[in-house]
Each structure stands twice: as C-alpha cells, then as structure tokens.
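Heads up, target.txt below (compact mmCIF, C-alpha atoms):
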```
# COMPACT_ATOMS: atom_id res chain seq x y z
CA MET A 1 117.94 32.77 172.58
CA ALA A 2 116.98 36.34 173.54
CA SER A 3 114.62 36.55 170.56
CA LEU A 4 112.85 33.35 171.71
CA GLY A 5 112.39 34.91 175.15
CA PHE A 6 110.91 38.04 173.55
CA MET A 7 108.59 35.92 171.42
CA GLY A 8 107.43 34.04 174.52
CA VAL A 9 106.65 37.35 176.22
CA ALA A 10 104.79 38.58 173.09
CA VAL A 11 102.71 35.37 172.93
CA HIS A 12 102.00 35.60 176.67
CA ASP A 13 100.93 39.25 176.28
CA LEU A 14 98.70 38.34 173.33
CA VAL A 15 97.01 35.56 175.31
CA GLN A 16 96.65 37.89 178.30
CA GLY A 17 95.26 40.57 175.98
CA ARG A 18 92.62 38.17 174.71
CA SER A 19 91.47 37.41 178.24
CA GLN A 20 91.18 41.12 179.11
CA PRO A 21 88.67 43.03 176.99
CA PRO A 22 89.32 46.76 176.64
CA PRO A 23 87.84 48.71 179.57
CA ARG A 24 84.58 50.68 179.31
CA LEU A 25 85.51 54.34 179.65
CA GLY A 26 82.20 56.15 179.18
CA ALA A 27 79.53 56.64 176.53
CA LEU A 28 79.77 59.28 173.83
CA PRO A 29 76.99 61.83 173.47
CA ASP A 30 74.91 61.50 170.33
CA PHE A 31 76.39 63.45 167.41
CA THR A 32 75.72 64.05 163.74
CA PHE A 33 78.10 65.94 161.46
CA THR A 34 78.62 66.23 157.70
CA ARG A 35 80.64 63.56 155.90
CA GLN A 36 83.03 64.18 152.99
CA ASP A 37 80.21 63.33 150.55
CA GLY A 38 77.93 65.98 152.08
CA GLN A 39 75.70 63.43 153.86
CA PRO A 40 74.81 63.57 157.58
CA PHE A 41 76.82 61.04 159.54
CA GLY A 42 77.11 60.25 163.24
CA LEU A 43 76.51 57.76 166.02
CA LYS A 44 73.23 56.61 164.45
CA GLN A 45 75.08 55.41 161.30
CA LEU A 46 77.86 53.87 163.40
CA ARG A 47 75.52 52.00 165.77
CA GLY A 48 76.38 48.30 165.95
CA ARG A 49 79.89 48.73 164.54
CA PRO A 50 83.07 49.63 166.43
CA PHE A 51 85.04 52.58 165.12
CA ILE A 52 88.43 54.21 165.49
CA ALA A 53 88.46 58.01 165.72
CA ASN A 54 91.21 60.53 165.16
CA PHE A 55 91.32 64.32 165.01
CA ILE A 56 92.94 66.24 162.16
CA PHE A 57 92.70 69.23 159.85
CA THR A 58 93.58 69.31 156.17
CA ARG A 59 95.88 72.34 156.18
CA CYS A 60 97.81 71.17 159.25
CA PRO A 61 101.56 71.66 158.67
CA THR A 62 102.80 69.50 161.55
CA VAL A 63 101.33 66.33 163.09
CA CYS A 64 98.25 65.69 160.93
CA PRO A 65 99.96 64.28 157.82
CA VAL A 66 101.76 61.69 159.98
CA PHE A 67 98.62 61.01 162.07
CA THR A 68 96.62 60.49 158.88
CA GLN A 69 99.30 58.18 157.41
CA LYS A 70 99.03 56.10 160.59
CA MET A 71 95.23 55.93 160.18
CA ALA A 72 95.81 54.82 156.57
CA ARG A 73 98.08 52.06 157.91
CA VAL A 74 95.36 51.03 160.40
CA GLN A 75 92.93 50.95 157.45
CA ASP A 76 95.28 48.56 155.60
CA HIS A 77 95.98 46.37 158.63
CA THR A 78 92.26 45.97 159.40
CA ALA A 79 91.07 45.64 155.78
CA LYS A 80 89.77 42.08 156.27
CA LEU A 81 87.22 43.40 158.78
CA GLY A 82 85.60 45.35 155.94
CA THR A 83 82.85 47.81 156.84
CA ASP A 84 82.31 46.08 160.22
CA LEU A 85 85.07 48.37 161.55
CA GLN A 86 84.71 52.06 160.70
CA LEU A 87 87.35 54.79 160.79
CA VAL A 88 86.31 58.37 161.53
CA SER A 89 88.50 61.47 161.18
CA PHE A 90 87.03 64.58 162.81
CA SER A 91 88.16 67.98 161.51
CA VAL A 92 89.23 70.46 164.19
CA ASP A 93 89.22 73.25 161.56
CA PRO A 94 85.70 72.85 160.17
CA ALA A 95 85.31 76.39 158.80
CA TYR A 96 88.07 75.59 156.30
CA ASP A 97 87.50 71.84 155.98
CA THR A 98 84.48 71.65 153.72
CA PRO A 99 83.20 68.22 152.64
CA GLU A 100 84.94 68.76 149.27
CA ARG A 101 88.29 69.50 150.93
CA LEU A 102 87.90 66.47 153.19
CA ALA A 103 87.13 64.26 150.17
CA GLU A 104 90.30 65.48 148.42
CA TYR A 105 92.30 64.93 151.60
CA GLY A 106 90.93 61.40 151.99
CA LYS A 107 91.76 60.53 148.37
CA LYS A 108 95.33 61.73 148.94
CA TYR A 109 95.67 59.04 151.66
CA GLN A 110 93.85 56.31 149.66
CA ALA A 111 90.90 56.34 152.05
CA ASP A 112 88.33 53.62 151.44
CA PHE A 113 85.23 55.80 151.84
CA THR A 114 83.05 52.74 152.61
CA ARG A 115 85.03 52.46 155.88
CA TRP A 116 86.81 55.76 156.46
CA ASN A 117 84.66 58.83 157.11
CA PHE A 118 85.87 62.44 157.32
CA LEU A 119 83.56 64.73 159.32
CA THR A 120 83.07 68.48 159.46
CA GLY A 121 80.35 70.70 160.89
CA ASP A 122 79.67 73.52 163.30
CA TYR A 123 82.86 74.44 165.20
CA ALA A 124 81.25 74.77 168.65
CA THR A 125 79.38 71.46 168.30
CA LEU A 126 82.47 69.64 167.05
CA LYS A 127 84.56 71.09 169.87
CA ASP A 128 81.96 70.07 172.44
CA THR A 129 81.82 66.51 171.05
CA ILE A 130 85.61 66.17 170.90
CA VAL A 131 86.44 67.81 174.26
CA GLN A 132 83.43 66.79 176.38
CA GLY A 133 82.57 63.52 174.60
CA PHE A 134 85.87 62.02 173.46
CA LYS A 135 87.87 63.80 176.23
CA ILE A 136 90.45 64.91 173.64
CA SER A 137 91.96 68.41 173.67
CA MET A 138 91.08 70.76 170.82
CA GLY A 139 91.06 74.48 170.31
CA ARG A 140 92.77 77.56 169.05
CA GLU A 141 95.04 80.08 170.76
CA PRO A 142 92.90 83.09 171.79
CA GLY A 143 93.11 86.04 169.40
CA ALA A 144 94.98 84.11 166.71
CA ALA A 145 94.41 85.02 163.06
CA GLU A 146 92.34 82.63 160.93
CA ASP A 147 95.40 81.73 158.83
CA ASP A 148 97.65 81.12 161.87
CA LEU A 149 97.69 77.34 161.51
CA LEU A 150 100.10 76.81 164.39
CA SER A 151 97.51 78.32 166.75
CA ILE A 152 95.21 75.30 166.17
CA PHE A 153 95.81 72.45 168.60
CA HIS A 154 94.33 68.98 169.13
CA GLY A 155 95.11 65.63 170.71
CA THR A 156 96.98 62.93 168.81
CA HIS A 157 95.51 59.78 170.37
CA PHE A 158 93.39 57.32 168.47
CA VAL A 159 90.13 56.54 170.27
CA LEU A 160 88.47 53.12 170.00
CA VAL A 161 84.69 53.13 170.38
CA ASP A 162 82.45 50.05 170.47
CA GLY A 163 79.18 49.52 168.59
CA THR A 164 77.14 50.92 171.49
CA GLY A 165 79.00 54.24 171.41
CA GLU A 166 81.16 53.53 174.46
CA ILE A 167 84.84 54.55 174.50
CA ARG A 168 87.02 51.47 174.95
CA GLY A 169 90.55 52.87 174.71
CA TYR A 170 92.98 55.69 173.98
CA TYR A 171 96.13 54.90 171.99
CA ASP A 172 99.08 57.26 171.55
CA SER A 173 99.63 57.58 167.80
CA ALA A 174 103.34 58.29 168.39
CA ASP A 175 103.82 54.87 170.04
CA PRO A 176 103.99 51.94 167.55
CA GLU A 177 103.15 49.45 170.33
CA ALA A 178 100.03 51.43 171.24
CA THR A 179 98.94 51.45 167.59
CA GLN A 180 99.47 47.69 167.40
CA LYS A 181 97.37 47.26 170.56
CA LEU A 182 94.68 49.45 168.98
CA GLU A 183 94.50 47.08 166.01
CA THR A 184 94.37 44.00 168.28
CA ASP A 185 91.60 45.55 170.40
CA ALA A 186 89.69 46.65 167.28
CA PHE A 187 89.80 43.09 165.88
CA ARG A 188 88.55 41.75 169.20
CA LEU A 189 85.65 44.20 169.48
CA THR A 190 84.63 43.71 165.85
CA ARG A 191 84.57 39.92 166.25
CA GLU A 192 82.63 40.15 169.53
CA GLU A 193 80.03 42.47 168.03
CA GLY A 194 79.89 40.87 164.57
```
Starting from the file, lay out its structure as structure tokens.
Amino acid sequence: MASLGFMGVAVHDLVQGRSQPPPRLGALPDFTFTRQDGQPFGLKQLRGRPFIANFIFTRCPTVCPVFTQKMARVQDHTAKLGTDLQLVSFSVDPAYDTPERLAEYGKKYQADFTRWNFLTGDYATLKDTIVQGFKISMGREPGAAEDDLLSIFHGTHFVLVDGTGEIRGYYDSADPEATQKLETDAFRLTREEG
C-alpha cells in the first residue's frame, strides 16, 4: 500500500513537473573553446539545441571520475534524443588537458562524440566563462605547484542550458533525484525546441 502511495506522489510530481518549465536563470556569454578533435566549438555550434554542461579535468583523482560516469549515464538515458541534446564537459585544467588527452578521456567513458563534447582552451577565458557565465566555482589554491592536483577545485553541479544559451537549471550530481530531474527537464526542453 505504501508503494502505491509513493507511486501516486511520483506521478503527481511528474505531472506537476510537466506544467512547470524550468526557470530562466540568465544568459551565458558567448564562448568558443577547442573541442577534443581540435575544432573550435562554442555557443554558436550549440545554438538551437539544449545542452548539459559539467566541469572536470582528466587527471582529477577525486570527484571527476564519478562525475564523468554520471554524465555517461545521462548520455545513455537521453540517447533517443540524439544530437538534439548536446553534452559539454569543460576542462578546469586546460594547460594539461589538450584536445588529444580529452579525446582519450572521452573514449574511456564511451562518449558519443556526435553528442558529447570535451572543451579546453585558455585558462583565464575558461575560468571567466565558468565562474562569471555558468556561476560555477573553479580555481586553484594560490601558490600551489602545477602537479598538486588536490589544489584544483570546481563545482560538481550539472547545468542545463536551452537552445538560446539561457541557463535553465542547476542539478547536484551527488543527488540521484536531482540527476533524474535533470534528465526530465532536458527531455522537456529538447521536445519544446525540436
């Protein structure tokens, strides 16, 4: 009986979720970085298609492998949307994360490179886009050595962006319910804009 009650709540929440589109939280500044295949890639290439962003670095010893596995799961769960929904992983360690390293990293997580893009570029420009544009923390402890990987920090929320470049939601990657809501909202936006 309790499980029926839970299912009723879940159905009610789903119906409520459909009637409430994700909020508009501000437009991203224009950006162009370098994709894992060496090509320029940014808002211009994403225009007209929603995307999910996350923030990682390839030599991260702590949260990034799990965060990237969760993005891989989002890729699988949204596969039927095809290239209409893009995934974008921004490197917060761009001096180390060359396009070649990002390509290897993506392959390790079975990234579908027609949908999942890994971006690197100038550190200051990336930091400005991530901190000022996405409103996600990123940086490095002052005075830390280049190989001090634990001195690199960044936020662990997924960010959903619509096809006009407007942020539509932040989703805590450590919360399975938030990740499920991200997928629901991404389906909704992709259908609305498709």
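Considering the residues A:Thr125, A:Thr98, A:Thr83, A:Ser89 and counting all atoms listed in the file, A:Phe67 has its shortest atom-to-atom contact with A:Ser89.
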Item to check | Selected residue of minimal separation from A:Thr58 among A:Leu46, A:Leu85, A:Leu119, A:Leu28, counting all atoms listed in the file | outcome: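 Looking at the shortest contact to A:Thr58, the residue is A:Leu119.
Among A:Leu126, A:Val161, A:Ala103, A:Val66, the residue with the shortest atom-to-atom distance to A:Asp37, counting all atoms listed in the file, is A:Ala103.
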Checklist entry - Which polymer residues, protein or nucleic acid, are no farther than 8 Å from (79.7, 53.3, 174.0), counting all atoms listed in the file, as an MDAnalysis selection string? => result chainID A and resid 24 26:28 161:168
Checklist entry - Which of these, A:Thr184, A:Ser91, A:Gln20, A:Gln69, has the shortest distance to A:Gly155 once you count all atoms listed in the file? => result A:Ser91
Next on the checklist: Report, in Å to a single decimal, how far apart atom CA of A:Gln75 and atom CA of A:Ala111 are.
Outcome noted: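 So the answer is 7.9 Å.
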Checklist entry - What is the atom CA of A:Gly121 to atom CA of A:Pro94 distance in Å? => result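 Distance between the two atoms: 5.8 Å.
Note that the spacing between atom CA of A:Asp172 and atom CA of A:Ala144 amounts to 27.6 Å.
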Checklist entry - Got a sec: who's within 10 Å of stretch 173-179 of chain A, counting only C-alpha atoms, leaving out chain neighbours fewer than 6 positions off, as a ChimeraX atom specification? => result /A:54,63,66-68,70-71,73-74,155-159,185
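Remark: for A:Gly106, the closest of the candidate residues A:His154, A:Lys135, A:Phe118, A:Leu81 is A:Phe118 (distances computed over all atoms listed in the file).
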Checklist outcome for this item: Restricting to only C-alpha atoms, whichever of A:Val88, A:Phe51, A:Leu182, A:Tyr170 is closest to A:Phe113 is A:Val88
Can you tell me which residues surround A:Gly82 at a distance of at most 12 Å, considering only C-alpha atoms, apart from same-chain residues fewer than 5 positions away, and format the answer as a PDB file with C-alpha atoms, in the coordinates of the input?
```pdb
ATOM      1  CA  ARG A  49      79.890  48.730 164.540  1.00  0.00           C
ATOM      2  CA  PRO A  50      83.070  49.630 166.430  1.00  0.00           C
ATOM      3  CA  PHE A  51      85.040  52.580 165.120  1.00  0.00           C
ATOM      4  CA  GLN A  75      92.930  50.950 157.450  1.00  0.00           C
ATOM      5  CA  ASP A  76      95.280  48.560 155.600  1.00  0.00           C
ATOM      6  CA  HIS A  77      95.980  46.370 158.630  1.00  0.00           C
ATOM      7  CA  LEU A  87      87.350  54.790 160.790  1.00  0.00           C
ATOM      8  CA  ASP A 112      88.330  53.620 151.440  1.00  0.00           C
ATOM      9  CA  PHE A 113      85.230  55.800 151.840  1.00  0.00           C
ATOM     10  CA  THR A 114      83.050  52.740 152.610  1.00  0.00           C
ATOM     11  CA  ARG A 115      85.030  52.460 155.880  1.00  0.00           C
ATOM     12  CA  TRP A 116      86.810  55.760 156.460  1.00  0.00           C
ATOM     13  CA  PHE A 187      89.800  43.090 165.880  1.00  0.00           C
ATOM     14  CA  THR A 190      84.630  43.710 165.850  1.00  0.00           C
ATOM     15  CA  ARG A 191      84.570  39.920 166.250  1.00  0.00           C
ATOM     16  CA  GLY A 194      79.890  40.870 164.570  1.00  0.00           C
TER      17      GLY A 194
END
```
Could you give me stretch 104-128 of chain A completed to N, CA and C atoms, formatted as a PDB file, in the frame of the given file?
```pdb
ATOM      1  N   GLU A 104      88.978  65.404 149.078  1.00  0.00           N
ATOM      2  CA  GLU A 104      90.300  65.480 148.420  1.00  0.00           C
ATOM      3  C   GLU A 104      91.390  64.961 149.347  1.00  0.00           C
ATOM      4  N   TYR A 105      91.312  65.358 150.599  1.00  0.00           N
ATOM      5  CA  TYR A 105      92.300  64.930 151.600  1.00  0.00           C
ATOM      6  C   TYR A 105      92.262  63.412 151.760  1.00  0.00           C
ATOM      7  N   GLY A 106      91.070  62.857 151.861  1.00  0.00           N
ATOM      8  CA  GLY A 106      90.930  61.400 151.990  1.00  0.00           C
ATOM      9  C   GLY A 106      91.502  60.664 150.793  1.00  0.00           C
ATOM     10  N   LYS A 107      91.234  61.179 149.596  1.00  0.00           N
ATOM     11  CA  LYS A 107      91.760  60.530 148.370  1.00  0.00           C
ATOM     12  C   LYS A 107      93.290  60.519 148.388  1.00  0.00           C
ATOM     13  N   LYS A 108      93.873  61.609 148.868  1.00  0.00           N
ATOM     14  CA  LYS A 108      95.330  61.730 148.940  1.00  0.00           C
ATOM     15  C   LYS A 108      95.939  60.590 149.774  1.00  0.00           C
ATOM     16  N   TYR A 109      95.184  60.113 150.770  1.00  0.00           N
ATOM     17  CA  TYR A 109      95.670  59.040 151.660  1.00  0.00           C
ATOM     18  C   TYR A 109      95.031  57.684 151.334  1.00  0.00           C
ATOM     19  N   GLN A 110      94.483  57.566 150.122  1.00  0.00           N
ATOM     20  CA  GLN A 110      93.850  56.310 149.660  1.00  0.00           C
ATOM     21  C   GLN A 110      92.786  55.809 150.636  1.00  0.00           C
ATOM     22  N   ALA A 111      91.972  56.729 151.138  1.00  0.00           N
ATOM     23  CA  ALA A 111      90.900  56.340 152.050  1.00  0.00           C
ATOM     24  C   ALA A 111      89.860  55.513 151.312  1.00  0.00           C
ATOM     25  N   ASP A 112      89.449  54.426 151.936  1.00  0.00           N
ATOM     26  CA  ASP A 112      88.330  53.620 151.440  1.00  0.00           C
ATOM     27  C   ASP A 112      87.084  54.247 152.073  1.00  0.00           C
ATOM     28  N   PHE A 113      86.344  55.033 151.288  1.00  0.00           N
ATOM     29  CA  PHE A 113      85.230  55.800 151.840  1.00  0.00           C
ATOM     30  C   PHE A 113      84.049  54.923 152.283  1.00  0.00           C
ATOM     31  N   THR A 114      84.094  53.622 152.038  1.00  0.00           N
ATOM     32  CA  THR A 114      83.050  52.740 152.610  1.00  0.00           C
ATOM     33  C   THR A 114      83.355  52.466 154.096  1.00  0.00           C
ATOM     34  N   ARG A 115      84.606  52.727 154.496  1.00  0.00           N
ATOM     35  CA  ARG A 115      85.030  52.460 155.880  1.00  0.00           C
ATOM     36  C   ARG A 115      85.540  53.696 156.605  1.00  0.00           C
ATOM     37  N   TRP A 116      86.129  54.628 155.847  1.00  0.00           N
ATOM     38  CA  TRP A 116      86.810  55.760 156.460  1.00  0.00           C
ATOM     39  C   TRP A 116      86.028  57.033 156.162  1.00  0.00           C
ATOM     40  N   ASN A 117      85.525  57.658 157.215  1.00  0.00           N
ATOM     41  CA  ASN A 117      84.660  58.830 157.110  1.00  0.00           C
ATOM     42  C   ASN A 117      85.390  60.064 157.638  1.00  0.00           C
ATOM     43  N   PHE A 118      85.260  61.172 156.923  1.00  0.00           N
ATOM     44  CA  PHE A 118      85.870  62.440 157.320  1.00  0.00           C
ATOM     45  C   PHE A 118      84.725  63.396 157.643  1.00  0.00           C
ATOM     46  N   LEU A 119      84.710  63.946 158.876  1.00  0.00           N
ATOM     47  CA  LEU A 119      83.560  64.730 159.320  1.00  0.00           C
ATOM     48  C   LEU A 119      83.911  66.193 159.586  1.00  0.00           C
ATOM     49  N   THR A 120      82.984  67.046 159.195  1.00  0.00           N
ATOM     50  CA  THR A 120      83.070  68.480 159.460  1.00  0.00           C
ATOM     51  C   THR A 120      81.707  68.943 159.961  1.00  0.00           C
ATOM     52  N   GLY A 121      81.626  70.184 160.407  1.00  0.00           N
ATOM     53  CA  GLY A 121      80.350  70.700 160.890  1.00  0.00           C
ATOM     54  C   GLY A 121      80.546  71.997 161.639  1.00  0.00           C
ATOM     55  N   ASP A 122      79.609  72.317 162.488  1.00  0.00           N
ATOM     56  CA  ASP A 122      79.670  73.520 163.300  1.00  0.00           C
ATOM     57  C   ASP A 122      80.821  73.417 164.300  1.00  0.00           C
ATOM     58  N   TYR A 123      81.661  74.473 164.349  1.00  0.00           N
ATOM     59  CA  TYR A 123      82.860  74.440 165.200  1.00  0.00           C
ATOM     60  C   TYR A 123      82.517  74.166 166.668  1.00  0.00           C
ATOM     61  N   ALA A 124      81.562  74.914 167.220  1.00  0.00           N
ATOM     62  CA  ALA A 124      81.250  74.770 168.650  1.00  0.00           C
ATOM     63  C   ALA A 124      80.733  73.372 168.972  1.00  0.00           C
ATOM     64  N   THR A 125      79.921  72.807 168.073  1.00  0.00           N
ATOM     65  CA  THR A 125      79.380  71.460 168.300  1.00  0.00           C
ATOM     66  C   THR A 125      80.475  70.413 168.186  1.00  0.00           C
ATOM     67  N   LEU A 126      81.339  70.562 167.185  1.00  0.00           N
ATOM     68  CA  LEU A 126      82.470  69.640 167.050  1.00  0.00           C
ATOM     69  C   LEU A 126      83.361  69.721 168.294  1.00  0.00           C
ATOM     70  N   LYS A 127      83.684  70.933 168.708  1.00  0.00           N
ATOM     71  CA  LYS A 127      84.560  71.090 169.870  1.00  0.00           C
ATOM     72  C   LYS A 127      83.931  70.452 171.106  1.00  0.00           C
ATOM     73  N   ASP A 128      82.638  70.655 171.298  1.00  0.00           N
ATOM     74  CA  ASP A 128      81.960  70.070 172.440  1.00  0.00           C
ATOM     75  C   ASP A 128      82.011  68.532 172.391  1.00  0.00           C
TER      76      ASP A 128
END
```
